[in-house]
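Q: Please find input-v8.cif (mmCIF, C-alpha atoms) on the next line:
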```cif
data_run
#
loop_
_atom_site.label_atom_id
_atom_site.label_comp_id
_atom_site.auth_asym_id
_atom_site.auth_seq_id
_atom_site.Cartn_x
_atom_site.Cartn_y
_atom_site.Cartn_z
CA MET R 1 79.87 100.23 87.84
CA ASP R 2 81.86 97.29 89.04
CA GLY R 3 85.12 95.91 87.84
CA SER R 4 83.48 93.78 85.21
CA SER R 5 82.61 96.87 83.19
CA SER R 6 86.29 97.64 82.74
CA GLY R 7 87.22 94.06 81.90
CA ILE R 8 88.87 93.39 85.27
CA GLN R 9 87.69 90.29 87.11
CA GLU R 10 90.56 89.82 89.52
CA PRO R 11 93.26 92.11 90.86
CA PHE R 12 96.01 90.45 88.81
CA ASP R 13 94.23 91.55 85.64
CA LEU R 14 95.31 95.05 86.56
CA ILE R 15 98.94 93.93 86.59
CA ARG R 16 98.50 92.05 83.32
CA LEU R 17 97.30 95.26 81.68
CA SER R 18 100.54 96.92 82.79
CA LEU R 19 102.97 94.48 81.16
CA SER R 20 105.62 96.38 79.19
CA GLU R 21 104.45 99.62 80.80
CA ARG R 22 106.14 101.71 83.46
CA VAL R 23 104.80 100.94 86.91
CA PHE R 24 105.31 102.40 90.36
CA VAL R 25 106.10 99.88 93.09
CA LYS R 26 105.95 100.61 96.81
CA LEU R 27 108.04 98.23 98.86
CA ARG R 28 108.62 97.41 102.50
CA GLY R 29 111.48 99.27 104.16
CA ASP R 30 110.49 102.72 102.85
CA ARG R 31 111.49 101.95 99.30
CA GLU R 32 109.78 102.89 96.09
CA MET R 33 110.71 102.25 92.51
CA THR R 34 109.51 102.78 89.00
CA GLY R 35 110.39 100.48 86.16
CA ILE R 36 109.08 98.78 83.07
CA LEU R 37 107.22 95.63 84.00
CA HIS R 38 108.29 92.56 82.05
CA ALA R 39 106.92 89.68 84.08
CA TYR R 40 105.15 88.84 87.31
CA ASP R 41 103.72 85.78 89.05
CA GLY R 42 101.20 84.96 91.73
CA HIS R 43 103.61 85.93 94.52
CA MET R 44 103.98 89.33 92.86
CA ASN R 45 107.59 88.55 92.10
CA LEU R 46 108.39 91.13 89.45
CA ILE R 47 110.90 91.56 86.66
CA LEU R 48 111.52 95.25 86.03
CA SER R 49 113.90 97.02 83.69
CA ASP R 50 115.15 100.60 83.56
CA VAL R 51 114.53 100.88 87.29
CA GLU R 52 114.94 103.87 89.52
CA GLU R 53 114.76 103.06 93.20
CA THR R 54 114.07 105.71 95.85
CA ILE R 55 115.02 104.91 99.44
CA MET R 56 113.77 107.07 102.29
CA ILE R 57 116.26 107.08 105.15
CA VAL R 58 115.17 108.48 108.50
CA ASN R 59 118.11 110.01 110.35
CA GLU R 60 117.52 109.55 114.05
CA GLY R 61 118.72 112.31 116.29
CA GLU R 62 117.69 115.53 117.99
CA GLN R 63 115.69 116.47 114.94
CA ALA R 64 114.65 113.50 112.85
CA THR R 65 115.26 114.21 109.19
CA VAL R 66 114.51 112.17 106.12
CA SER R 67 117.06 111.89 103.38
CA VAL R 68 116.39 110.33 100.04
CA ALA R 69 118.76 108.07 98.17
CA LYS R 70 118.24 107.08 94.58
CA ARG R 71 119.86 104.47 92.41
CA LYS R 72 119.31 103.10 88.97
CA MET R 73 119.43 99.54 87.77
CA ASP R 74 119.06 98.09 84.31
CA MET R 75 117.25 94.89 85.22
CA LEU R 76 115.82 93.78 88.51
CA PHE R 77 114.06 90.83 90.10
CA VAL R 78 111.81 91.96 92.98
CA ARG R 79 110.81 89.30 95.47
CA GLY R 80 107.04 89.39 95.87
CA ASP R 81 106.87 89.46 99.65
CA GLY R 82 108.41 92.93 99.72
CA VAL R 83 105.71 94.43 97.53
CA ILE R 84 103.09 96.62 99.19
CA LEU R 85 101.48 98.31 96.21
CA VAL R 86 101.79 98.52 92.47
CA GLY R 87 100.58 101.80 91.04
CA LEU R 88 99.74 101.86 87.39
CA LEU R 89 100.68 104.75 85.18
CA HIS R 90 98.83 103.64 82.05
CA CYS R 91 95.42 104.59 83.35
CA THR R 92 95.41 107.60 81.02
CA ALA R 93 93.77 105.21 78.56
CA ARG R 94 90.60 105.12 80.58
CA LEU R 95 90.75 108.86 81.09
CA ILE R 96 91.02 109.40 77.36
CA LEU R 97 87.99 107.19 76.92
CA LYS R 98 86.04 109.34 79.38
CA VAL R 99 87.13 112.54 77.65
CA PHE R 100 85.98 111.11 74.34
CA TYR R 101 82.63 110.27 75.80
CA ARG R 102 82.23 113.80 77.04
CA CYS R 103 83.29 115.41 73.79
CA PRO R 104 80.13 116.23 71.81
CA ARG R 105 81.61 115.64 68.39
CA LEU R 106 83.36 112.38 69.00
CA LEU R 107 81.78 109.08 69.68
CA VAL R 108 83.77 106.17 70.99
CA HIS R 109 82.62 103.08 69.22
CA GLU R 110 81.46 100.09 71.19
CA ASN R 111 84.39 98.15 69.79
CA SER R 112 86.98 100.27 71.56
CA TYR R 113 89.09 98.20 73.88
CA ILE R 114 92.22 98.25 75.92
CA GLU R 115 94.94 96.13 74.41
CA SER R 116 96.87 93.59 76.43
CA ASN R 117 99.72 96.08 76.76
CA GLY R 118 97.32 98.56 78.31
CA ARG R 119 97.06 100.86 75.33
CA LEU R 120 93.69 102.09 74.25
CA ARG R 121 92.67 100.99 70.80
CA CYS R 122 89.84 103.27 69.77
CA VAL R 123 87.47 102.71 66.93
CA PHE R 124 85.81 106.07 66.85
CA GLN R 125 83.93 108.08 64.34
CA THR R 126 83.33 111.78 64.04
CA VAL R 127 79.74 112.71 64.60
CA TYR R 128 78.58 116.04 63.32
CA THR R 129 76.12 117.59 65.67
CA LYS R 130 74.46 120.98 65.70
CA ASP R 131 77.71 122.65 66.66
CA HIS R 132 79.61 121.24 63.69
CA ASP R 133 80.44 124.76 62.58
CA LEU R 134 83.02 124.66 65.35
CA PHE R 135 85.26 123.13 62.72
CA SER R 136 85.22 126.25 60.58
CA SER R 137 85.73 128.64 63.47
CA MET F 1 73.31 77.32 124.73
CA ASP F 2 73.22 77.71 128.53
CA GLU F 3 74.11 81.39 128.06
CA SER F 4 71.14 82.08 125.82
CA PRO F 5 69.17 85.18 126.80
CA PRO F 6 66.01 84.64 128.83
CA PRO F 7 62.78 84.56 126.87
CA PRO F 8 61.02 87.91 126.58
CA PRO F 9 58.81 88.66 129.53
CA PRO F 10 55.10 88.10 129.06
CA ASP F 11 53.44 91.03 127.44
CA ASP F 12 51.72 92.70 130.40
CA ALA F 13 51.23 96.03 128.59
CA PRO F 14 48.90 95.00 125.81
CA ASP F 15 48.48 98.52 124.44
CA ALA F 16 52.23 99.07 124.04
CA GLN F 17 53.65 97.83 120.80
CA THR F 18 56.53 95.59 121.75
CA PRO F 19 59.60 96.99 120.09
CA PRO F 20 61.27 94.70 117.60
CA PRO F 21 64.64 93.29 118.55
CA PRO F 22 67.41 95.83 118.02
CA GLN F 23 68.20 96.14 114.34
CA PRO F 24 71.78 96.04 113.19
CA HIS F 25 73.02 99.45 112.08
CA THR F 26 72.65 98.58 108.44
CA THR F 27 70.25 96.23 106.81
CA HIS F 28 73.29 94.25 105.69
CA THR F 29 73.68 91.02 107.55
CA GLY F 30 75.66 88.07 106.46
CA SER F 31 79.13 86.71 106.17
CA PRO F 32 82.32 88.68 105.57
CA THR F 33 82.18 87.39 102.02
CA ASP F 34 78.75 88.99 101.57
CA PHE F 35 80.20 92.27 102.82
CA LEU F 36 83.08 92.09 100.37
CA LYS F 37 80.72 91.30 97.50
CA GLY F 38 78.64 94.27 98.59
CA VAL F 39 81.48 96.78 98.50
CA VAL F 40 82.83 95.90 95.05
CA GLY F 41 82.31 98.97 92.90
CA LYS F 42 81.88 101.20 95.97
CA LYS F 43 84.17 103.71 97.62
CA VAL F 44 86.27 102.06 100.30
CA ILE F 45 89.07 102.84 102.70
CA VAL F 46 91.78 100.21 102.83
CA ARG F 47 94.07 100.43 105.82
CA LEU F 48 97.41 98.66 105.71
CA ASN F 49 99.33 97.29 108.66
CA SER F 50 101.69 100.25 108.35
CA GLY F 51 98.80 102.62 109.12
CA VAL F 52 98.62 104.05 105.63
CA ASP F 53 95.12 104.44 104.19
CA TYR F 54 94.10 104.05 100.58
CA ARG F 55 90.79 105.54 99.53
CA GLY F 56 89.28 104.64 96.21
CA VAL F 57 86.72 102.63 94.31
CA LEU F 58 87.14 98.91 94.85
CA SER F 59 87.44 97.25 91.43
CA CYS F 60 87.86 93.73 92.68
CA LEU F 61 89.63 91.53 95.15
CA ASP F 62 90.66 87.89 95.44
CA GLY F 63 91.04 85.21 98.06
CA TYR F 64 94.42 86.54 99.23
CA MET F 65 92.70 89.91 99.70
CA ASN F 66 94.82 91.34 96.93
CA ILE F 67 92.92 94.47 95.97
CA ALA F 68 92.49 96.48 92.80
CA LEU F 69 91.50 100.08 93.48
CA GLU F 70 90.52 102.84 91.09
CA GLN F 71 90.91 106.59 91.65
CA THR F 72 93.17 105.84 94.57
CA GLU F 73 94.37 108.39 97.10
CA GLU F 74 97.10 107.52 99.56
CA HIS F 75 96.55 109.09 102.98
CA VAL F 76 99.28 109.24 105.60
CA GLU F 77 98.23 110.78 108.92
CA GLY F 78 95.33 112.54 107.24
CA ASN F 79 97.30 114.05 104.37
CA VAL F 80 97.04 112.95 100.76
CA THR F 81 100.53 111.83 99.80
CA ASN F 82 99.95 110.20 96.44
CA ARG F 83 97.32 109.50 93.82
CA TYR F 84 97.08 106.58 91.45
CA GLY F 85 94.55 105.99 88.72
CA ASP F 86 94.70 102.29 89.41
CA ALA F 87 96.50 100.51 92.18
CA PHE F 88 97.14 96.91 93.11
CA ILE F 89 97.58 96.24 96.83
CA ARG F 90 99.17 92.96 97.88
CA GLY F 91 96.78 91.27 100.28
CA ASN F 92 99.20 90.48 103.09
CA ASN F 93 99.51 94.20 103.88
CA VAL F 94 95.77 94.74 104.40
CA LEU F 95 94.53 95.45 107.93
CA TYR F 96 90.93 96.23 107.04
CA ILE F 97 88.57 97.33 104.31
CA SER F 98 86.01 99.91 105.33
CA ALA F 99 82.97 100.88 103.26
CA ALA F 100 83.07 104.63 102.64
CA GLU F 101 79.55 104.82 101.21
CA ALA F 102 76.28 103.07 101.88
CA ILE F 103 76.05 99.48 100.78
CA LEU F 104 72.79 97.78 99.95
#
```
Please express the file's structure as structure tokens.

A:
Amino acid sequence: MDGSSSGIQEPFDLIRLSLSERVFVKLRGDREMTGILHAYDGHMNLILSDVEETIMIVNEGEQATVSVAKRKMDMLFVRGDGVILVGLLHCTARLILKVFYRCPRLLVHENSYIESNGRLRCVFQTVYTKDHDLFSS
Amino acid sequence: MDESPPPPPPDDAPDAQTPPPPQPHTTHTGSPTDFLKGVVGKKVIVRLNSGVDYRGVLSCLDGYMNIALEQTEEHVEGNVTNRYGDAFIRGNNVLYISAAEAIL
């Protein structure tokens, strides 16, 4: 099962599937943020909206402690060289697909696909198997 | 070329089967590119320059070593600190990619 089975040929395809979805971004300097992804480019410059940034601050001293600062921004340009990782939160779509496959009474049609915005568009049909009396119980 | 190993000594023990030259640990020989092609779709450990490890199934990677991982776990000093269904890692942060299961 390689990437081609999920329609991903290159890593940026993963980002493309997350456009207009909320993403998690890990940045240099112990910073993380979540926001809605509006645009990106090959440097991983990002345009995010509705952003919450979390900054981990290590307080040096006798006993090193970590405090967390948060701030919110409406719209943000993130320079690509600060990006370490982009975590995708839309992957529930693929999970749903797996659940459907496991469910004995539902069949996911071959034509199911993940839309460009990352949402799962399912063409499924109900298949009545031997346990179809489950509906009445 | 002047540092090439000496030729094998003449076989003066005819009954003993001469052992083959030492095999590499896996049957996989080839270029780094062949290795990377071999680990696509397999479980890998990606270590970043910061020392953080990401374990997951390698979906794909590109020439910058940008990486797409599935079922990703973030490990910091041996502890799982985060999980992502899918994760994109920007290539400049990558220290190494280690195969976490046998590759053919």

Q: Residues of chain F within 9 Å of chain R, using only C-alpha atoms, as a count of residues only?

A: 25

Q: To one decimal place, how far is CA of Arg47 (chain F) from CA of Arg31 (chain R) in Å?

A: 18.7 Å

Q: Can you tell me how far CA of Ala102 (chain F) sits from CA of Lys43 (chain F), in Å to one decimal?

A: 9.0 Å

Q: Would you write out, as a PyMOL selection string, every residue that the PyMOL selection byres ((chain F and resi 53) around 6) captures in this file?

A: chain F and resi 46-47+52+54+74-75

Q: What's the separation between CA of Ile45 (chain F) and CA of Glu101 (chain F), in Å to one decimal place?

A: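 CA of Glu101 (chain F) lies 9.8 Å from CA of Ile45 (chain F).
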
Q: For the structure provided, state which residues fall under the PyMOL selection byres ((chain F and resi 97) around 9), and present them as a list in words.

A: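 After applying the PyMOL selection byres ((chain F and resi 97) around 9), what remains is Leu36, Val44, Ile45, Val46, Arg47, Val94, Leu95, Tyr96, Ser98 and Ala99 of chain F.
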
Q: Identify all residues satisfying the PyMOL selection byres ((chain R and resi 52) around 6) in the given file; provide them as a list of chain:residue names.

A: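 After applying the PyMOL selection byres ((chain R and resi 52) around 6), what remains is R:Met33, R:Thr34, R:Val51, R:Glu53, R:Arg71, R:Lys72.
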